[in-house]
Amino acid sequence: MAKTVDQYFDDLQQTRLWRSIFRSGPGSSTLKRALVIQQNVFLHLFSTKVRTRVLSFSATWYLGTLTLGTFLILVATGIPLMLYYHPSAPQAYADTKDLQFVVSSGMFLRNLHRWSAHAMVFLVFAHMFKVFYRGAYRPPREFNWVIGVILLLITLLLSYTGYLLPWDQLAYWAITVGSNIASAVPVIGDKIHFLLLGGHTVNANALLRFYVLHCMILPLTAMFFVAIHFWRIRKDGGLYNHDSEPATVRARNAGSAVKETN
Amino acid sequence: MADLKDFVAGVDSNAKKSPRRIVFITRRTSAQVKAETEEQLQTFPEVLFRAAVAVMTLGVVLVWTALLFNAPLEGLADPSHTPNPAKAPWYFLGLQEMLHYFPPVVAGVLAPGLVVMALIVIPYFRVNIEADGLFLKDRQKRLRIFYLVAGALSLFLLFFKVYAALVPTLIMAMLMLIAAQSTPHSASPFRRYLAARPLSYWVMTWFLFELVVLTAIGTFFRGPGWAWVWPWQGS
């Protein structure tokens, strides 16, 4: 009798190689499914179970998940873009032109990267307001809210540093307008401005600095905080659901106790 | 019911003598008492599947956008030729609109700094945790404070001719006045809703309103010299 695909997969899961990589063996018992999450270095950031009620679309609009989605798309499109790009003026502009007209699917890569970046900024803001209006910042989640604010700022910086990289007029003057704001900081404004740009105006040094910030420092910082952000959801009692919060339940139980004594 | 317990509570540190011991958790020391069990799903595969569907849907939308619309690319950067207007990315246009009215240290440093500080401290104030309707307690006192703050803010914006920020402020103030005249027992559901809104809701909604209006004005209604243009006029 021929084996089904599932049986082949079970066989594969029983091989020594598979077991050496993924500790949980074959089968789909609750334990095994919990182990998939718990024994994976990335997935163990999440809890093994989630309350059904918080998974409804209206609870979160999936905005946090979608923000992660845009981030993944941006990493996946950003790395190939780096292969065709030199962070030097004016070569950067020529490379961007090449991406538009010479590189296979270069136009598509750049378009997807840019629209995803705009989507991510929008989704991060939307996520913040959704969390606020749901009241999900309440203790014990208050520090995860603060990490969220940090991630909002990192997202804005990521988008802003990426804005300069095409080295066209749009990029150059947007960064000029933006970086001039840094000069307005009292006392140390000019120092910050100089540190950011590597000069007094937007020039080749600024391009290189923004490139390093955009492709290395800020993404790594973002991943660091995103990991904490996800891990703390689990540590702070899962996704927020007003009706399951200890304070709400206590109040409800106290209310029903009063009724019973009457 | 009485005398059914099969243990004797006592203090004993000798594990060999009494191998069964009971932990008493007093109210003071209990970390998290599981209050209630409700229906749960396994993260693998159910929740991850939903997340994958959400991300793929977004991916399809973004791929179609990328296929249909090209990212802008203008001429080579030229420091000697300033475009008019020179605009920041859209998410900073609210800030740039503020820069039109106020000196950079106010609009570019003080205002965004205060916004970030305000966002960070939200969960650390008891008033935001309890989240009672703003005008349900100490109504007269809170109304006086509201008149003072809303009046001062409106006069300040009027003085600097920031009509773009003044109009949302006045609309929010009107909604807050309706809220002050409403109770949780009002006839209309809308009034009941407004009456239950806490302080943080009003501040945040005002901020969101201003953010959207200022960003929209900066994006669509500003032309050469940061003068007002209608979107259909072109540049």
# chains A, B, ... in the order shown; residues from 1 in each chain; ligands from 1
$ interface_residues --of "chain A" --to "chain B" --cutoff "7 Å" --atoms "only C-alpha atoms" --output "count of residues only"
39
$ atom_distance --atom1 "CA of Ala76 in chain A" --atom2 "CA of Val103 in chain A"
16.7 Å
$ atom_distance --atom1 "CA of Ala254 in chain A" --atom2 "CA of Pro139 in chain A"
20.5 Å
$ atom_distance --atom1 "CA of Leu207 in chain A" --atom2 "CA of Leu68 in chain A"
26.9 Å
$ closest_residue --among "B:Tyr101, B:Ala195, B:Leu134, B:Ser186" --to "Ala165 in chain B" --atoms "only C-alpha atoms"
B:Tyr101
$ select_by_dssp --residues "range 26-233 of chain B" --states "helix (DSSP H, G or I)" --output "PyMOL selection string"
chain B and resi 43-68+90-101+104-124+126-130+139-159+163-180+189-195+199-220+224-226+231-233
$ write_last_selection --atoms "C-alpha atoms" --output "CSV table (one decimal), in the first residue's frame"
chain,number,residue,atom,x,y,z
B,43,THR,CA,0.2,28.9,18.6
B,44,PHE,CA,1.4,26.2,16.3
B,45,PRO,CA,-0.3,25.7,13.9
B,46,GLU,CA,-3.5,27.8,14.3
B,47,VAL,CA,-2.1,31.2,15.3
B,48,LEU,CA,0.9,31.1,13.0
B,49,PHE,CA,-1.4,30.1,10.2
B,50,ARG,CA,-3.5,33.2,10.8
B,51,ALA,CA,-0.4,35.4,11.0
B,52,ALA,CA,0.9,33.9,7.7
B,53,VAL,CA,-2.5,34.6,6.0
B,54,ALA,CA,-2.4,38.2,7.2
B,55,VAL,CA,1.2,38.8,6.1
B,56,MET,CA,0.6,37.1,2.7
B,57,THR,CA,-2.5,39.2,2.1
B,58,LEU,CA,-0.4,42.3,2.8
B,59,GLY,CA,2.3,40.9,0.5
B,60,VAL,CA,-0.1,40.5,-2.4
B,61,VAL,CA,-1.3,44.1,-1.9
B,62,LEU,CA,2.2,45.5,-1.8
B,63,VAL,CA,3.4,43.4,-4.8
B,64,TRP,CA,0.5,44.7,-6.9
B,65,THR,CA,1.3,48.3,-5.8
B,66,ALA,CA,4.9,47.8,-6.7
B,67,LEU,CA,3.9,46.4,-10.1
B,68,LEU,CA,1.5,49.2,-10.9
B,90,TRP,CA,5.2,62.6,4.2
B,91,TYR,CA,5.3,61.5,7.8
B,92,PHE,CA,7.4,64.6,8.7
B,93,LEU,CA,5.1,67.0,6.8
B,94,GLY,CA,3.1,67.7,9.9
B,95,LEU,CA,6.3,68.8,11.5
B,96,GLN,CA,7.2,70.9,8.5
B,97,GLU,CA,3.8,72.5,8.6
B,98,MET,CA,4.5,73.5,12.2
B,99,LEU,CA,7.9,74.9,11.2
B,100,HIS,CA,6.0,77.2,8.9
B,101,TYR,CA,4.4,78.9,12.0
B,104,PRO,CA,12.6,75.6,14.6
B,105,VAL,CA,13.4,75.2,18.3
B,106,VAL,CA,9.7,75.1,19.1
B,107,ALA,CA,8.2,73.2,16.2
B,108,GLY,CA,11.2,70.9,15.5
B,109,VAL,CA,12.6,70.2,18.9
B,110,LEU,CA,10.3,71.1,21.7
B,111,ALA,CA,7.0,69.9,20.2
B,112,PRO,CA,8.1,66.5,19.0
B,113,GLY,CA,10.1,66.0,22.2
B,114,LEU,CA,7.1,66.7,24.3
B,115,VAL,CA,5.0,64.3,22.1
B,116,VAL,CA,7.5,61.5,22.6
B,117,MET,CA,7.7,62.2,26.3
B,118,ALA,CA,3.9,62.2,26.6
B,119,LEU,CA,3.6,58.9,24.7
B,120,ILE,CA,6.1,57.3,27.0
B,121,VAL,CA,4.5,58.3,30.3
B,122,ILE,CA,0.9,57.4,29.3
B,123,PRO,CA,0.9,54.0,31.1
B,124,TYR,CA,2.6,55.4,34.2
B,126,ARG,CA,-3.0,56.2,37.5
B,127,VAL,CA,-5.6,58.4,35.8
B,128,ASN,CA,-4.9,56.6,32.5
B,129,ILE,CA,-5.2,53.2,34.1
B,130,GLU,CA,-8.5,53.8,35.8
B,139,ARG,CA,-17.4,68.0,37.3
B,140,GLN,CA,-17.3,71.8,38.1
B,141,LYS,CA,-13.6,71.8,38.9
B,142,ARG,CA,-12.7,69.8,35.8
B,143,LEU,CA,-14.8,71.9,33.6
B,144,ARG,CA,-13.0,75.0,34.9
B,145,ILE,CA,-9.6,73.4,34.1
B,146,PHE,CA,-10.9,72.4,30.7
B,147,TYR,CA,-12.1,76.0,29.9
B,148,LEU,CA,-8.8,77.3,31.0
B,149,VAL,CA,-6.6,74.9,28.9
B,150,ALA,CA,-8.8,74.8,25.8
B,151,GLY,CA,-9.1,78.6,25.9
B,152,ALA,CA,-5.4,79.2,26.4
B,153,LEU,CA,-4.5,76.7,23.6
B,154,SER,CA,-7.0,78.3,21.2
B,155,LEU,CA,-5.8,81.8,21.9
B,156,PHE,CA,-2.2,80.7,21.5
B,157,LEU,CA,-3.0,79.1,18.1
B,158,LEU,CA,-5.1,82.2,17.1
B,159,PHE,CA,-2.3,84.5,18.1
B,163,TYR,CA,-5.7,78.0,11.8
B,164,ALA,CA,-4.8,74.5,10.5
B,165,ALA,CA,-4.3,73.4,14.1
B,166,LEU,CA,-7.0,75.7,15.6
B,167,VAL,CA,-9.9,74.1,13.7
B,168,PRO,CA,-9.3,70.6,15.0
B,169,THR,CA,-8.7,72.0,18.5
B,170,LEU,CA,-12.1,73.8,18.4
B,171,ILE,CA,-13.9,70.7,17.1
B,172,MET,CA,-12.4,68.5,19.9
B,173,ALA,CA,-13.3,71.2,22.4
B,174,MET,CA,-16.9,71.1,21.2
B,175,LEU,CA,-17.0,67.3,21.5
B,176,MET,CA,-15.7,67.6,25.0
B,177,LEU,CA,-18.4,70.1,25.9
B,178,ILE,CA,-21.0,67.7,24.7
B,179,ALA,CA,-19.3,65.0,26.8
B,180,ALA,CA,-19.5,67.3,29.8
B,189,PRO,CA,-25.7,56.1,22.5
B,190,PHE,CA,-23.3,58.7,21.1
B,191,ARG,CA,-23.6,60.8,24.2
B,192,ARG,CA,-23.2,57.8,26.5
B,193,TYR,CA,-20.0,57.0,24.6
B,194,LEU,CA,-18.6,60.5,24.9
B,195,ALA,CA,-19.5,60.7,28.6
B,199,LEU,CA,-8.7,62.3,29.8
B,200,SER,CA,-6.1,60.2,27.9
B,201,TYR,CA,-8.7,59.5,25.1
B,202,TRP,CA,-9.3,63.2,24.6
B,203,VAL,CA,-5.6,64.2,24.5
B,204,MET,CA,-4.7,61.3,22.2
B,205,THR,CA,-7.6,61.9,19.8
B,206,TRP,CA,-6.8,65.5,19.7
B,207,PHE,CA,-3.2,64.6,18.8
B,208,LEU,CA,-4.3,62.1,16.2
B,209,PHE,CA,-6.7,64.7,14.7
B,210,GLU,CA,-3.9,67.3,14.5
B,211,LEU,CA,-1.4,64.8,13.1
B,212,VAL,CA,-3.8,63.8,10.3
B,213,VAL,CA,-4.9,67.3,9.5
B,214,LEU,CA,-1.3,68.9,9.5
B,215,THR,CA,0.2,66.0,7.5
B,216,ALA,CA,-2.6,66.2,5.0
B,217,ILE,CA,-2.2,69.9,4.6
B,218,GLY,CA,1.6,69.6,4.3
B,219,THR,CA,1.2,66.8,1.7
B,220,PHE,CA,-1.6,68.1,-0.5
B,224,PRO,CA,5.9,77.0,-3.8
B,225,GLY,CA,7.0,79.2,-0.9
B,226,TRP,CA,4.8,76.9,1.3
B,231,PRO,CA,-4.5,69.8,-4.8
B,232,TRP,CA,-6.1,70.1,-8.2
B,233,GLN,CA,-4.3,73.3,-9.1
$ residues_around --residues "Pro87 in chain A" --least-positions-apart "2" --cutoff "8 Å" --atoms "only C-alpha atoms" --output "number ranges by chain"
A: 85, 89, 91-92, 165, 207-208, 211
$ residues_around --residues "range 2-8 of chain A" --least-positions-apart "5" --cutoff "10 Å" --atoms "only C-alpha atoms" --output "list in words"
Gln13, Gln14 and Pro26 of chain A
$ write_last_selection --atoms "N, CA and C atoms" --output "PDB file, in the first residue's frame"
ATOM      1  N   GLN A  13      10.376  13.043   9.967  1.00  0.00           N
ATOM      2  CA  GLN A  13      10.506  13.615  11.305  1.00  0.00           C
ATOM      3  C   GLN A  13      11.140  12.636  12.286  1.00  0.00           C
ATOM      4  N   GLN A  14      11.124  11.351  11.925  1.00  0.00           N
ATOM      5  CA  GLN A  14      11.717  10.378  12.839  1.00  0.00           C
ATOM      6  C   GLN A  14      13.197  10.135  12.556  1.00  0.00           C
ATOM      7  N   PRO A  26       7.674  13.279  15.633  1.00  0.00           N
ATOM      8  CA  PRO A  26       6.447  13.290  14.832  1.00  0.00           C
ATOM      9  C   PRO A  26       5.214  13.305  15.722  1.00  0.00           C
TER      10      PRO A  26
END
